[in-house]
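Asker: Pasting a structure here, questions to come.
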Amino acid sequence: MNKDLYNSAKGEIEFPKDKQDHMKKCFRMVKNADENTEGFNRNQELQNQNFIDQAHISTDGHHLQTKVFLDVNVQEETSLKFIVKDGNEVVESWEEKTDLNENVFTSTKHLHFEKWTLDNPKLYTMEIYINDVLSFSDRFADRQIEMTEKGFFLNKEHIKLYGLNRHQSFPYVGYAMPENAQKKDADILKYDLGVNVVRSSHYPPSKHFLDRCDEIGLLVFNEIPGWQHIGNKEWQDVAVNNTYEMIYRDYNHPSIFIWGTRINESPDNDTFYQNTYDMAKSMDTTRPIGGVRNFKASNLIEDVYTYNDFVHRGNNEGIESPKSIAKKVAPHLVTEYNGHMFPTKKIDDEAHRVEHAKRHLTVQNDSFKNEAVSGAIGWCMFDYNTHKDFGSGDRICYHGVMDMFRSPKYASGVYRSQSDASPFIQILGNLNVGEHEASEIKELMILTNADSIKFHINKDYIGEFYPTDQWGALPHSPVIIDDFIGNLIHENEDFSKKDADTVKMVLLHIMQKGFQMPLKMKIKMGLFLKRNNLSIDQAAKLYETYVGKWGQESITYRFEAIKDGQVVAEEIIGATYGSELKVSQDDTVLENTDTYQTTRFIVEHVNLNGNPLVYSTEIINIEVDGPIEVIGPKQLTLTGGSVGFWVKSTKQKGKAKVKISNHYYGKQEFHIEVK
C-alpha cells in the first residue's frame, strides 16, 4: 500500500509532487465542479491562485464537519466562507481563515438538519468561497447508517433492503450515455420497479445517477471496479488508489450506504484487502465497508459479509443461512442471486417467464423472513451485452427483470408489488389455452400490493382471492387464482347444492391435475350422473362450459384490486379482434449541457385491452427531422412484443420530429424540443 497516499487521505501530510499532479488531473476530470456552480472557472488550474479540489461534508445530527481539500498555489492567508442552503434559503454562513500550511482544512459547526429518508430525501447545499470567489458547491444530507447482525438501519429505523444490481450499459453505445439517461435509470428503479436499493456493479457509476439517487431516496452500494481477477503488486496499488478516488469523489452522496472494497467475486487476499479496507476507513468512518465474494467461509476483513448467493434452483431454499456462510457472526447482505441460474427472455414461453418471477419471489421471501439478512439485491435490473463466452450465443445476458430497453418482464412485478407507493396489479399470463400443456390453465398468479383480487369472467363474478401463504414473509405475497368456476354451476344449473359441489370439485380437479381421478371421486361422479340421468357427453359439455369455455364468441377476464374495501386498480385480459402499436416517450424536451442528451421510445404491440402480444415480430421504421439523431439502426423488429430505441440531440437547437411507421399500422409522429 502507498503509505504517502494513505497519510494524505488522513490529512497528515501533503501529496508527493508527482502524486499531487496526477491526482489534480484525475479529480478535475471526475469532479467537474463547474457543472454544479456558475462561479467556477474551468481554467482555474491555469491561474496563480488557490482553489478547492473537493470537500467532504458530514453531520451527526448536531455538528456539521466540512473537510476541505485545497489546491495551494499561493502560500498566503486565505479566507474561506461557508454557506449552507436549504434550496435558495441560507441556513447558516460563517468565515474561517487558514494560512494554507496544509492541503486539508477542517471546519466544524454546531447545526441541526432535517433527516434524509427514503420517503423524504432532504438535501442541503454547501457553498465555499475563497476570498469571495465561489470555489465549491455540492449537496449533502443528514442521515445515519447502521448495519448490524439484526439488519440494516437508517436513522435508527429498521429497513429490509430489496433491490437489483445495475450495469451502466445501454444498447449500441455501451456506457456512453449522458446525464438524463443515467438519471432515468434511477427513476425506473425507484418508481417503475419499486426497489429501495441498487448495487453499482462492479464500478462507481455516473455521478448523474448518484445525484438522482440522492434526490429520490434510493440507496446505493458503491464499489471499486473489477471482476474476479487480482493482479500483481502494481495492479493492487491501482486498486487501492481506486478506493481512494471512489470515496474522494462520491463521499457527499447520502444515497451511498456502503463502500465495496473487494474486487467482485475474487479470491481472498488478506494483505491486499486489508489495504483497501484501511484506505476506505481512513477516509470515511460514517459508512460500513463490504466486499462482494461468491464463496463460503471467506476471511472477513470488512464490516459486512456481502455475498453472491446462487443456491436457489427453483425447488430448494432461496438463500442460505448466514451461519452456514461466514466464519463468524457479522452483518450479512446478499449482493447477487438468480441471474445466470435462470436466464429469461421476453420471448420465452409463459411458463418460463412465470417461473422466473417465482424464483425472485422465493429469494426475497427468504430474505424477509430471516432477521440476520440485511436484504437481497438481485441480478439484475436489465439484460446487457456481454463477451463471447457468456450470454445466449448472441453476446447478451438475459439475466434482467427487464430487457435491454428497460421494458418489464414478469419478474419486475415481484419488486414493484412490494412497494406501497401506488396501487399495483400485474397478471402473469394472457389466459390463452394454447400457451399451456394439454391446453389446461391450472392457475393464474397475480402480483399486487392490494389486499385481495375480485375476479370476473365476462359478466360473471367468480370470487375474491387473497394473497397466498407460499411467500407469506413478503410485505405483499402474490394472489393465486385456482378456481375459474366460482358459484356458476350452483347459479346456472338445476342441480342440488350437493351435486353442484360434486361437479365443481371434479372439474377443478381436471383443471389442475388432468383427467386421472382417484377412485372415490370417480364413484361420486358416477352417482351424480345416475341421479341426474346425464350421459358422459352431457358431462363433457359441463367441462366445455365451465373449464374449457370453448365455442364462446369472446371471453373477457376482469381483475379488480381491492384495498381497504375499495377498488384501487383494474386489469382486463382477453382476446380482441384488433390490435395497435402503442408508443411511449420519456421526454418531450431535451436541454443540452456540455454533452448531448437523449430520450427513449418504447414501441409495444398490444390488443385493444392493452394486453401485450408477446410473440409479435412486427417491423418498425424510424425517421427523424430536426436537431436529433437515432442511436442505432432505424429499422427494428419487435422482440417479445416490444422494442425500444433512443434518440439524441445534436449541437443545434429547435423543433424535432420522430416518425414511427409500420406497414399495417401506419405512421405515428412525436415531437421534441431541443434547447
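Lettering and numbering for the C-alpha cells are positional, with chains as A, B, ... in the shown order, residues counted from 1 in each chain, and ligands counted from 1 in the shown order.
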Would you list the contacts of Thr271 in chain A as JSON, numbers by chain, taking every protein, DNA or RNA residue within 12 Å and counting only C-alpha atoms, but skipping same-chain residues closer than 2 positions in sequence?
Answerer: {"A": [1, 233, 236, 237, 240, 262, 268, 269, 273, 274, 275, 276, 277, 278, 299, 301]}
Asker: As a PyMOL selection string, please: the residues near Asn338 in chain A (cut-off 8 Å, only C-alpha atoms, same-chain neighbours under 2 positions excluded).
Answerer: chain A and resi 310+312+336+340-342+359-360+378-379+399
Asker: Quick one: pick out all strand (DSSP E or B) residues within range 50-217 of chain A from a backbone DSSP run and write them as an NGL selection string.
Answerer: :A and (51-59 or 63-71 or 78-86 or 89-98 or 104-110 or 115-116 or 121 or 124-130 or 133-140 or 142 or 145-148 or 151-154 or 157-159 or 161-166 or 170 or 174 or 197-200)
Asker: Which of these residues is nearest to Gly61 in chain A, using only C-alpha atoms: A:Met283, A:Ile457, A:Ile128, A:Ala141?
Answerer: A:Ala141
Asker: Mind checking which residues fall within 10 Å of Glu371 in chain A, counting only C-alpha atoms, ignoring those fewer than 4 positions away in the same chain, and posting them as a list in words?
Answerer: Glu149, Lys150, Gly151, Phe152, Lys160, His332, Asp366, Ser367 and Gly375 of chain A
Asker: Could the residues in this selection be written to a file with N, CA, C and O atoms, as a short mmCIF file (atom, residue, chain, number, x, y, z; two decimals), in the first residue's frame?
Answerer:
data_model
loop_
_atom_site.label_atom_id
_atom_site.label_comp_id
_atom_site.auth_asym_id
_atom_site.auth_seq_id
_atom_site.Cartn_x
_atom_site.Cartn_y
_atom_site.Cartn_z
N GLU A 149 -26.00 -7.31 13.02
CA GLU A 149 -26.39 -8.70 12.82
C GLU A 149 -27.90 -8.86 12.77
O GLU A 149 -28.41 -9.94 12.45
N LYS A 150 -28.63 -7.78 13.09
CA LYS A 150 -30.10 -7.81 13.02
C LYS A 150 -30.63 -6.95 11.88
O LYS A 150 -31.81 -6.59 11.89
N GLY A 151 -29.75 -6.61 10.93
CA GLY A 151 -30.24 -5.93 9.74
C GLY A 151 -29.70 -4.53 9.55
O GLY A 151 -28.78 -4.08 10.23
N PHE A 152 -30.33 -3.85 8.59
CA PHE A 152 -29.93 -2.51 8.17
C PHE A 152 -30.83 -1.47 8.84
O PHE A 152 -32.05 -1.66 8.92
N LYS A 160 -35.72 -3.40 5.60
CA LYS A 160 -35.26 -4.57 4.85
C LYS A 160 -34.90 -4.11 3.44
O LYS A 160 -35.71 -3.51 2.73
N HIS A 332 -24.96 -9.32 7.37
CA HIS A 332 -24.97 -10.16 6.16
C HIS A 332 -25.88 -9.52 5.11
O HIS A 332 -27.02 -9.17 5.39
N ASP A 366 -37.26 -15.50 1.46
CA ASP A 366 -36.29 -15.99 2.44
C ASP A 366 -35.51 -14.86 3.09
O ASP A 366 -35.17 -14.91 4.26
N SER A 367 -35.23 -13.82 2.31
CA SER A 367 -34.54 -12.66 2.87
C SER A 367 -35.40 -11.96 3.91
O SER A 367 -34.94 -11.61 5.00
N GLY A 375 -30.72 -7.87 3.67
CA GLY A 375 -31.53 -7.74 2.46
C GLY A 375 -30.91 -8.53 1.33
O GLY A 375 -29.89 -9.20 1.50
#
Asker: When you look at Val589 in chain A with a cut-off of 12 Å (counting only C-alpha atoms), what residues show up, excluding the ones that are within fewer than 2 positions of it in the same chain? I need them as a list of chain:residue names.
Answerer: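 Skipping anything fewer than 2 positions along the chain leaves A:Asn180, A:Gln585, A:Asp586, A:Asp587, A:Glu591, A:Asn592, A:Gln597, A:Thr598, A:Thr599, A:Arg600, A:Ile628, A:Val647, A:Lys648, A:Ser649, A:Lys653, A:Gly654, A:Lys655, A:Ala656, A:Lys657, A:Phe670, A:His671, A:Ile672, A:Glu673, A:Val674, A:Lys675.
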Asker: So that I can see what lies close to Asp483 in chain A, please list as a PyMOL selection string the residues with an atom at most 8 Å from it, counting only C-alpha atoms and leaving out residues fewer than 4 positions away in the same chain.
Answerer: chain A and resi 443+462+508
Asker: Output N, CA and C atoms for every residue in that selection, as a PDB file, in the first residue's frame.
Answerer:
ATOM      1  N   GLU A 443     -53.663 -22.556 -12.965  1.00  0.00           N
ATOM      2  CA  GLU A 443     -53.753 -21.454 -12.014  1.00  0.00           C
ATOM      3  C   GLU A 443     -53.239 -20.186 -12.671  1.00  0.00           C
ATOM      4  N   ILE A 462     -66.688 -14.454 -10.179  1.00  0.00           N
ATOM      5  CA  ILE A 462     -66.185 -15.773  -9.783  1.00  0.00           C
ATOM      6  C   ILE A 462     -65.871 -15.825  -8.296  1.00  0.00           C
ATOM      7  N   LEU A 508     -62.635 -28.857 -11.130  1.00  0.00           N
ATOM      8  CA  LEU A 508     -61.403 -28.215 -10.653  1.00  0.00           C
ATOM      9  C   LEU A 508     -60.247 -29.212 -10.614  1.00  0.00           C
TER      10      LEU A 508
END
Asker: Env of range 82-90 of chain A: 10 Å cut, atoms = only C-alpha atoms, seq-sep filter 6 positions within chain, self excluded. Answer as a list in words.
Answerer: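 In the requested form, the answer reads Thr66, Glu96, Ser107, Phe113, Lys122, Leu123, Tyr124, Thr125, Met126, Glu127, Ile128, Tyr129, Ile130, Leu134, Phe136, Ser137, Arg139 and Phe140 of chain A.
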Asker: Create the file for the chosen residues now, containing all heavy atoms and written as a short mmCIF file (atom, residue, chain, number, x, y, z; two decimals), in the first residue's frame.
Answerer:
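What follows is the written file result.cif:
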data_model
loop_
_atom_site.label_atom_id
_atom_site.label_comp_id
_atom_site.auth_asym_id
_atom_site.auth_seq_id
_atom_site.Cartn_x
_atom_site.Cartn_y
_atom_site.Cartn_z
N THR A 66 -16.90 19.95 7.75
CA THR A 66 -16.53 20.12 6.34
C THR A 66 -15.02 20.01 6.22
O THR A 66 -14.27 20.83 6.77
CB THR A 66 -16.99 21.48 5.79
OG1 THR A 66 -18.38 21.65 6.07
CG2 THR A 66 -16.76 21.56 4.30
N GLU A 96 -13.85 31.43 7.97
CA GLU A 96 -12.67 30.98 8.69
C GLU A 96 -11.45 31.28 7.85
O GLU A 96 -11.53 31.33 6.62
CB GLU A 96 -12.76 29.48 9.00
CG GLU A 96 -13.94 29.12 9.89
CD GLU A 96 -13.81 27.72 10.48
OE1 GLU A 96 -12.68 27.33 10.80
OE2 GLU A 96 -14.86 27.05 10.61
N SER A 107 -13.46 22.40 8.99
CA SER A 107 -14.31 23.35 9.70
C SER A 107 -15.44 22.58 10.37
O SER A 107 -16.06 21.71 9.76
CB SER A 107 -14.89 24.38 8.73
OG SER A 107 -15.84 25.21 9.39
N PHE A 113 -30.16 19.53 11.31
CA PHE A 113 -30.72 19.36 9.98
C PHE A 113 -31.88 18.37 10.02
O PHE A 113 -31.92 17.48 10.87
CB PHE A 113 -29.66 18.83 9.00
CG PHE A 113 -28.50 19.76 8.79
CD1 PHE A 113 -27.33 19.58 9.51
CD2 PHE A 113 -28.58 20.80 7.90
CE1 PHE A 113 -26.25 20.42 9.33
CE2 PHE A 113 -27.51 21.65 7.70
CZ PHE A 113 -26.35 21.46 8.42
N LYS A 122 -34.27 14.63 2.07
CA LYS A 122 -33.99 16.05 2.27
C LYS A 122 -32.53 16.35 1.98
O LYS A 122 -31.63 15.78 2.60
CB LYS A 122 -34.33 16.45 3.71
CG LYS A 122 -34.09 17.92 4.05
CD LYS A 122 -35.04 18.82 3.30
CE LYS A 122 -34.88 20.27 3.72
NZ LYS A 122 -35.81 21.17 3.00
N LEU A 123 -32.28 17.29 1.06
CA LEU A 123 -30.92 17.67 0.67
C LEU A 123 -30.64 19.13 1.00
O LEU A 123 -31.53 19.98 0.92
CB LEU A 123 -30.72 17.44 -0.82
CG LEU A 123 -30.76 15.99 -1.32
CD1 LEU A 123 -30.75 15.95 -2.83
CD2 LEU A 123 -29.59 15.19 -0.75
N TYR A 124 -29.40 19.39 1.36
CA TYR A 124 -28.91 20.75 1.59
C TYR A 124 -27.73 21.00 0.65
O TYR A 124 -27.18 20.06 0.06
CB TYR A 124 -28.47 20.93 3.04
CG TYR A 124 -29.58 20.79 4.05
CD1 TYR A 124 -29.95 19.54 4.54
CD2 TYR A 124 -30.28 21.91 4.49
CE1 TYR A 124 -30.98 19.41 5.46
CE2 TYR A 124 -31.32 21.78 5.41
CZ TYR A 124 -31.67 20.53 5.89
OH TYR A 124 -32.69 20.40 6.80
N THR A 125 -27.37 22.27 0.49
CA THR A 125 -26.25 22.65 -0.36
C THR A 125 -25.20 23.37 0.45
O THR A 125 -25.53 24.25 1.26
CB THR A 125 -26.71 23.56 -1.52
OG1 THR A 125 -27.70 22.86 -2.30
CG2 THR A 125 -25.55 23.93 -2.43
N MET A 126 -23.95 22.99 0.23
CA MET A 126 -22.82 23.69 0.82
C MET A 126 -22.09 24.46 -0.28
O MET A 126 -21.71 23.88 -1.30
CB MET A 126 -21.86 22.70 1.49
CG MET A 126 -20.51 23.30 1.89
SD MET A 126 -20.63 24.48 3.26
CE MET A 126 -20.76 23.32 4.64
N GLU A 127 -21.89 25.77 -0.05
CA GLU A 127 -21.07 26.59 -0.94
C GLU A 127 -19.86 27.08 -0.16
O GLU A 127 -19.99 27.49 1.00
CB GLU A 127 -21.85 27.78 -1.48
CG GLU A 127 -23.01 27.40 -2.38
CD GLU A 127 -23.80 28.60 -2.88
OE1 GLU A 127 -23.57 29.73 -2.37
OE2 GLU A 127 -24.65 28.41 -3.76
N ILE A 128 -18.70 27.04 -0.80
CA ILE A 128 -17.48 27.52 -0.16
C ILE A 128 -16.81 28.53 -1.09
O ILE A 128 -16.59 28.24 -2.27
CB ILE A 128 -16.50 26.37 0.15
CG1 ILE A 128 -17.20 25.26 0.95
CG2 ILE A 128 -15.30 26.89 0.92
CD1 ILE A 128 -16.33 24.05 1.20
N TYR A 129 -16.51 29.68 -0.52
CA TYR A 129 -15.86 30.76 -1.26
C TYR A 129 -14.43 30.91 -0.76
O TYR A 129 -14.16 30.83 0.44
CB TYR A 129 -16.60 32.08 -1.06
CG TYR A 129 -17.98 32.12 -1.67
CD1 TYR A 129 -19.05 31.45 -1.09
CD2 TYR A 129 -18.22 32.85 -2.83
CE1 TYR A 129 -20.33 31.49 -1.64
CE2 TYR A 129 -19.49 32.90 -3.40
CZ TYR A 129 -20.53 32.22 -2.80
OH TYR A 129 -21.78 32.27 -3.35
N ILE A 130 -13.51 31.15 -1.69
CA ILE A 130 -12.14 31.54 -1.34
C ILE A 130 -11.98 33.01 -1.71
O ILE A 130 -12.07 33.37 -2.89
CB ILE A 130 -11.09 30.69 -2.07
CG1 ILE A 130 -11.18 29.23 -1.63
CG2 ILE A 130 -9.69 31.23 -1.82
CD1 ILE A 130 -10.16 28.33 -2.28
N LEU A 134 -16.61 31.96 -5.51
CA LEU A 134 -17.22 30.65 -5.32
C LEU A 134 -16.31 29.58 -5.92
O LEU A 134 -16.05 29.56 -7.12
CB LEU A 134 -18.59 30.61 -5.99
CG LEU A 134 -19.36 29.28 -5.88
CD1 LEU A 134 -19.61 28.91 -4.42
CD2 LEU A 134 -20.67 29.35 -6.65
N PHE A 136 -16.48 26.08 -4.65
CA PHE A 136 -17.00 24.73 -4.46
C PHE A 136 -18.48 24.81 -4.13
O PHE A 136 -18.93 25.70 -3.40
CB PHE A 136 -16.27 24.04 -3.30
CG PHE A 136 -16.86 22.71 -2.92
CD1 PHE A 136 -16.49 21.56 -3.59
CD2 PHE A 136 -17.81 22.61 -1.91
CE1 PHE A 136 -17.04 20.33 -3.26
CE2 PHE A 136 -18.36 21.38 -1.57
CZ PHE A 136 -17.98 20.25 -2.24
N SER A 137 -19.24 23.85 -4.68
CA SER A 137 -20.65 23.73 -4.33
C SER A 137 -21.05 22.27 -4.49
O SER A 137 -20.74 21.64 -5.50
CB SER A 137 -21.53 24.61 -5.23
OG SER A 137 -22.89 24.46 -4.90
N ARG A 139 -24.12 19.11 -2.81
CA ARG A 139 -25.23 18.82 -1.91
C ARG A 139 -24.80 17.78 -0.88
O ARG A 139 -23.88 16.99 -1.10
CB ARG A 139 -26.42 18.31 -2.72
CG ARG A 139 -26.97 19.35 -3.67
CD ARG A 139 -28.18 18.85 -4.41
NE ARG A 139 -27.95 17.63 -5.16
CZ ARG A 139 -28.83 17.09 -6.00
NH1 ARG A 139 -30.00 17.67 -6.19
NH2 ARG A 139 -28.55 15.97 -6.64
N PHE A 140 -25.51 17.78 0.24
CA PHE A 140 -25.25 16.82 1.29
C PHE A 140 -26.54 16.60 2.07
O PHE A 140 -27.55 17.27 1.82
CB PHE A 140 -24.12 17.30 2.22
CG PHE A 140 -24.50 18.47 3.08
CD1 PHE A 140 -24.93 18.29 4.39
CD2 PHE A 140 -24.43 19.78 2.59
CE1 PHE A 140 -25.29 19.37 5.19
CE2 PHE A 140 -24.80 20.86 3.38
CZ PHE A 140 -25.22 20.66 4.68
#
Asker: What's around Arg287 in chain A at 10 Å? Count only C-alpha atoms, leave out sequence neighbours fewer than 5 positions away in its own chain, and write the answer as a PyMOL selection string.
Answerer: chain A and resi 144-147+251+256-259+280-281+303
Asker: What does the distance between CA of Thr59 in chain A and CA of Leu154 in chain A come to in Å, to one decimal place?
Answerer: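 If I compute the distance from CA of Thr59 in chain A to CA of Leu154 in chain A, I get 14.1 Å.
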Asker: Give the helix (DSSP H, G or I) residues of range 18-211 of chain A, as assigned by DSSP on the backbone, as a PDB file with N, CA and C atoms, in the first residue's frame.
Answerer:
ATOM      1  N   ASP A  18       4.696  14.321  -7.617  1.00  0.00           N
ATOM      2  CA  ASP A  18       4.218  13.567  -8.766  1.00  0.00           C
ATOM      3  C   ASP A  18       2.801  13.050  -8.541  1.00  0.00           C
ATOM      4  N   LYS A  19       2.509  12.609  -7.301  1.00  0.00           N
ATOM      5  CA  LYS A  19       1.169  12.130  -6.986  1.00  0.00           C
ATOM      6  C   LYS A  19       0.173  13.286  -6.979  1.00  0.00           C
ATOM      7  N   GLN A  20       0.620  14.440  -6.493  1.00  0.00           N
ATOM      8  CA  GLN A  20      -0.246  15.609  -6.436  1.00  0.00           C
ATOM      9  C   GLN A  20      -0.684  16.022  -7.832  1.00  0.00           C
ATOM     10  N   ASP A  21       0.255  16.069  -8.782  1.00  0.00           N
ATOM     11  CA  ASP A  21      -0.089  16.463 -10.144  1.00  0.00           C
ATOM     12  C   ASP A  21      -1.053  15.467 -10.773  1.00  0.00           C
ATOM     13  N   HIS A  22      -0.793  14.186 -10.526  1.00  0.00           N
ATOM     14  CA  HIS A  22      -1.664  13.156 -11.089  1.00  0.00           C
ATOM     15  C   HIS A  22      -3.068  13.246 -10.504  1.00  0.00           C
ATOM     16  N   MET A  23      -3.136  13.417  -9.172  1.00  0.00           N
ATOM     17  CA  MET A  23      -4.438  13.489  -8.515  1.00  0.00           C
ATOM     18  C   MET A  23      -5.224  14.710  -8.977  1.00  0.00           C
ATOM     19  N   LYS A  24      -4.538  15.840  -9.135  1.00  0.00           N
ATOM     20  CA  LYS A  24      -5.238  17.034  -9.608  1.00  0.00           C
ATOM     21  C   LYS A  24      -5.921  16.761 -10.944  1.00  0.00           C
ATOM     22  N   LYS A  25      -5.192  16.129 -11.837  1.00  0.00           N
ATOM     23  CA  LYS A  25      -5.741  15.841 -13.155  1.00  0.00           C
ATOM     24  C   LYS A  25      -6.933  14.900 -13.069  1.00  0.00           C
ATOM     25  N   CYS A  26      -6.766  13.823 -12.296  1.00  0.00           N
ATOM     26  CA  CYS A  26      -7.844  12.829 -12.175  1.00  0.00           C
ATOM     27  C   CYS A  26      -9.088  13.425 -11.527  1.00  0.00           C
ATOM     28  N   PHE A  27      -8.888  14.144 -10.426  1.00  0.00           N
ATOM     29  CA  PHE A  27     -10.031  14.649  -9.674  1.00  0.00           C
ATOM     30  C   PHE A  27     -10.778  15.725 -10.449  1.00  0.00           C
ATOM     31  N   ARG A  28     -10.036  16.514 -11.224  1.00  0.00           N
ATOM     32  CA  ARG A  28     -10.724  17.526 -12.029  1.00  0.00           C
ATOM     33  C   ARG A  28     -11.582  16.869 -13.101  1.00  0.00           C
ATOM     34  N   MET A  29     -11.084  15.775 -13.636  1.00  0.00           N
ATOM     35  CA  MET A  29     -11.859  15.069 -14.661  1.00  0.00           C
ATOM     36  C   MET A  29     -13.150  14.509 -14.086  1.00  0.00           C
ATOM     37  N   VAL A  30     -13.078  13.915 -12.892  1.00  0.00           N
ATOM     38  CA  VAL A  30     -14.268  13.250 -12.350  1.00  0.00           C
ATOM     39  C   VAL A  30     -15.183  14.182 -11.598  1.00  0.00           C
ATOM     40  N   LYS A  31     -14.632  15.233 -11.030  1.00  0.00           N
ATOM     41  CA  LYS A  31     -15.466  16.117 -10.216  1.00  0.00           C
ATOM     42  C   LYS A  31     -16.300  17.047 -11.076  1.00  0.00           C
ATOM     43  N   ALA A  33     -16.612  20.235 -11.193  1.00  0.00           N
ATOM     44  CA  ALA A  33     -17.396  21.092 -10.303  1.00  0.00           C
ATOM     45  C   ALA A  33     -18.037  22.255 -11.035  1.00  0.00           C
ATOM     46  N   ASP A  34     -17.549  22.556 -12.231  1.00  0.00           N
ATOM     47  CA  ASP A  34     -18.134  23.674 -12.966  1.00  0.00           C
ATOM     48  C   ASP A  34     -19.564  23.388 -13.382  1.00  0.00           C
ATOM     49  N   GLU A  35     -19.970  22.109 -13.446  1.00  0.00           N
ATOM     50  CA  GLU A  35     -21.352  21.797 -13.796  1.00  0.00           C
ATOM     51  C   GLU A  35     -22.310  22.142 -12.675  1.00  0.00           C
ATOM     52  N   GLN A  44      -9.288  27.522 -13.850  1.00  0.00           N
ATOM     53  CA  GLN A  44      -8.656  27.922 -12.601  1.00  0.00           C
ATOM     54  C   GLN A  44      -7.308  27.258 -12.388  1.00  0.00           C
ATOM     55  N   GLU A  45      -7.167  25.983 -12.878  1.00  0.00           N
ATOM     56  CA  GLU A  45      -5.916  25.304 -12.622  1.00  0.00           C
ATOM     57  C   GLU A  45      -4.752  25.976 -13.344  1.00  0.00           C
ATOM     58  N   LEU A  46      -5.071  26.853 -14.321  1.00  0.00           N
ATOM     59  CA  LEU A  46      -4.017  27.557 -15.034  1.00  0.00           C
ATOM     60  C   LEU A  46      -3.700  28.903 -14.399  1.00  0.00           C
ATOM     61  N   GLU A 179     -26.366  12.516 -19.113  1.00  0.00           N
ATOM     62  CA  GLU A 179     -26.986  12.777 -17.815  1.00  0.00           C
ATOM     63  C   GLU A 179     -28.416  12.271 -17.705  1.00  0.00           C
ATOM     64  N   ASN A 180     -29.291  12.672 -18.640  1.00  0.00           N
ATOM     65  CA  ASN A 180     -30.706  12.354 -18.424  1.00  0.00           C
ATOM     66  C   ASN A 180     -30.987  10.860 -18.562  1.00  0.00           C
ATOM     67  N   ALA A 181     -30.213  10.129 -19.364  1.00  0.00           N
ATOM     68  CA  ALA A 181     -30.398   8.679 -19.449  1.00  0.00           C
ATOM     69  C   ALA A 181     -29.952   7.995 -18.165  1.00  0.00           C
ATOM     70  N   GLN A 182     -28.866   8.486 -17.571  1.00  0.00           N
ATOM     71  CA  GLN A 182     -28.393   7.929 -16.296  1.00  0.00           C
ATOM     72  C   GLN A 182     -29.427   8.178 -15.199  1.00  0.00           C
ATOM     73  N   LYS A 183     -29.974   9.368 -15.164  1.00  0.00           N
ATOM     74  CA  LYS A 183     -30.974   9.697 -14.145  1.00  0.00           C
ATOM     75  C   LYS A 183     -32.271   8.911 -14.355  1.00  0.00           C
ATOM     76  N   LYS A 184     -32.614   8.669 -15.616  1.00  0.00           N
ATOM     77  CA  LYS A 184     -33.843   7.916 -15.896  1.00  0.00           C
ATOM     78  C   LYS A 184     -33.752   6.512 -15.331  1.00  0.00           C
ATOM     79  N   ASP A 185     -32.565   5.894 -15.380  1.00  0.00           N
ATOM     80  CA  ASP A 185     -32.411   4.562 -14.794  1.00  0.00           C
ATOM     81  C   ASP A 185     -32.708   4.576 -13.301  1.00  0.00           C
ATOM     82  N   ALA A 186     -32.278   5.623 -12.606  1.00  0.00           N
ATOM     83  CA  ALA A 186     -32.589   5.731 -11.174  1.00  0.00           C
ATOM     84  C   ALA A 186     -34.093   5.827 -10.963  1.00  0.00           C
ATOM     85  N   ASP A 187     -34.769   6.601 -11.805  1.00  0.00           N
ATOM     86  CA  ASP A 187     -36.229   6.728 -11.700  1.00  0.00           C
ATOM     87  C   ASP A 187     -36.923   5.398 -11.964  1.00  0.00           C
ATOM     88  N   ILE A 188     -36.431   4.638 -12.942  1.00  0.00           N
ATOM     89  CA  ILE A 188     -37.019   3.332 -13.245  1.00  0.00           C
ATOM     90  C   ILE A 188     -36.899   2.414 -12.032  1.00  0.00           C
ATOM     91  N   LEU A 189     -35.726   2.413 -11.417  1.00  0.00           N
ATOM     92  CA  LEU A 189     -35.522   1.565 -10.241  1.00  0.00           C
ATOM     93  C   LEU A 189     -36.455   1.956  -9.101  1.00  0.00           C
ATOM     94  N   LYS A 190     -36.569   3.233  -8.840  1.00  0.00           N
ATOM     95  CA  LYS A 190     -37.362   3.713  -7.701  1.00  0.00           C
ATOM     96  C   LYS A 190     -38.867   3.614  -7.968  1.00  0.00           C
ATOM     97  N   TYR A 191     -39.296   4.056  -9.140  1.00  0.00           N
ATOM     98  CA  TYR A 191     -40.732   4.217  -9.380  1.00  0.00           C
ATOM     99  C   TYR A 191     -41.347   3.081 -10.204  1.00  0.00           C
ATOM    100  N   ASP A 192     -40.643   2.596 -11.232  1.00  0.00           N
ATOM    101  CA  ASP A 192     -41.195   1.517 -12.047  1.00  0.00           C
ATOM    102  C   ASP A 192     -40.988   0.158 -11.392  1.00  0.00           C
ATOM    103  N   LYS A 207     -21.861  10.045 -11.949  1.00  0.00           N
ATOM    104  CA  LYS A 207     -22.240  10.958 -10.861  1.00  0.00           C
ATOM    105  C   LYS A 207     -23.683  11.443 -11.035  1.00  0.00           C
ATOM    106  N   HIS A 208     -24.172  11.465 -12.279  1.00  0.00           N
ATOM    107  CA  HIS A 208     -25.552  11.884 -12.520  1.00  0.00           C
ATOM    108  C   HIS A 208     -26.526  10.853 -11.948  1.00  0.00           C
ATOM    109  N   PHE A 209     -26.192   9.568 -12.095  1.00  0.00           N
ATOM    110  CA  PHE A 209     -27.013   8.522 -11.499  1.00  0.00           C
ATOM    111  C   PHE A 209     -27.052   8.681  -9.987  1.00  0.00           C
ATOM    112  N   LEU A 210     -25.900   8.919  -9.372  1.00  0.00           N
ATOM    113  CA  LEU A 210     -25.848   9.098  -7.921  1.00  0.00           C
ATOM    114  C   LEU A 210     -26.611  10.347  -7.483  1.00  0.00           C
ATOM    115  N   ASP A 211     -26.493  11.418  -8.258  1.00  0.00           N
ATOM    116  CA  ASP A 211     -27.236  12.638  -7.930  1.00  0.00           C
ATOM    117  C   ASP A 211     -28.736  12.354  -7.864  1.00  0.00           C
TER     118      ASP A 211
END
Asker: How many Å separate CA of Arg558 in chain A from CA of Met511 in chain A?
Answerer: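 So the answer is 19.8 Å.
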Asker: For CA of Glu77 in chain A and CA of Ser93 in chain A, determine how far apart the two atoms are, in Å to one decimal place.
Answerer: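 Result for CA of Glu77 in chain A versus CA of Ser93 in chain A: 19.8 Å, one decimal.
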Asker: Using only C-alpha atoms, which of A:Ile347, A:Lys388, A:Ala561, A:Asp420 sits nearest Ser642 in chain A?
Answerer: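 Distance minimum relative to Ser642 in chain A lands on A:Ile347.
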Asker: Let me make sure I understand: among A:Val479, A:Ala539, A:Ile427, A:Leu488, which one has the smallest atom-to-atom distance to Val506 in chain A if we use only C-alpha atoms?
Answerer: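 Nearest to Val506 in chain A: A:Ala539.
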Asker: Distance table requested - range 512-565 of chain A against range 608-612 of chain A, cut-off 12 Å, only C-alpha atoms: one row per qualifying residue with the closest atom pair and its distance in Å to one decimal, ordered by chain and rising residue number, as JSON lines.
Answerer:
{"residue": "A:Ile555", "atom": "CA", "partner": "A:Asn609", "partner_atom": "CA", "distance": 11.9}
{"residue": "A:Thr556", "atom": "CA", "partner": "A:Asn609", "partner_atom": "CA", "distance": 9.4}
{"residue": "A:Tyr557", "atom": "CA", "partner": "A:Asn609", "partner_atom": "CA", "distance": 10.5}
{"residue": "A:Arg558", "atom": "CA", "partner": "A:Asn609", "partner_atom": "CA", "distance": 10.6}
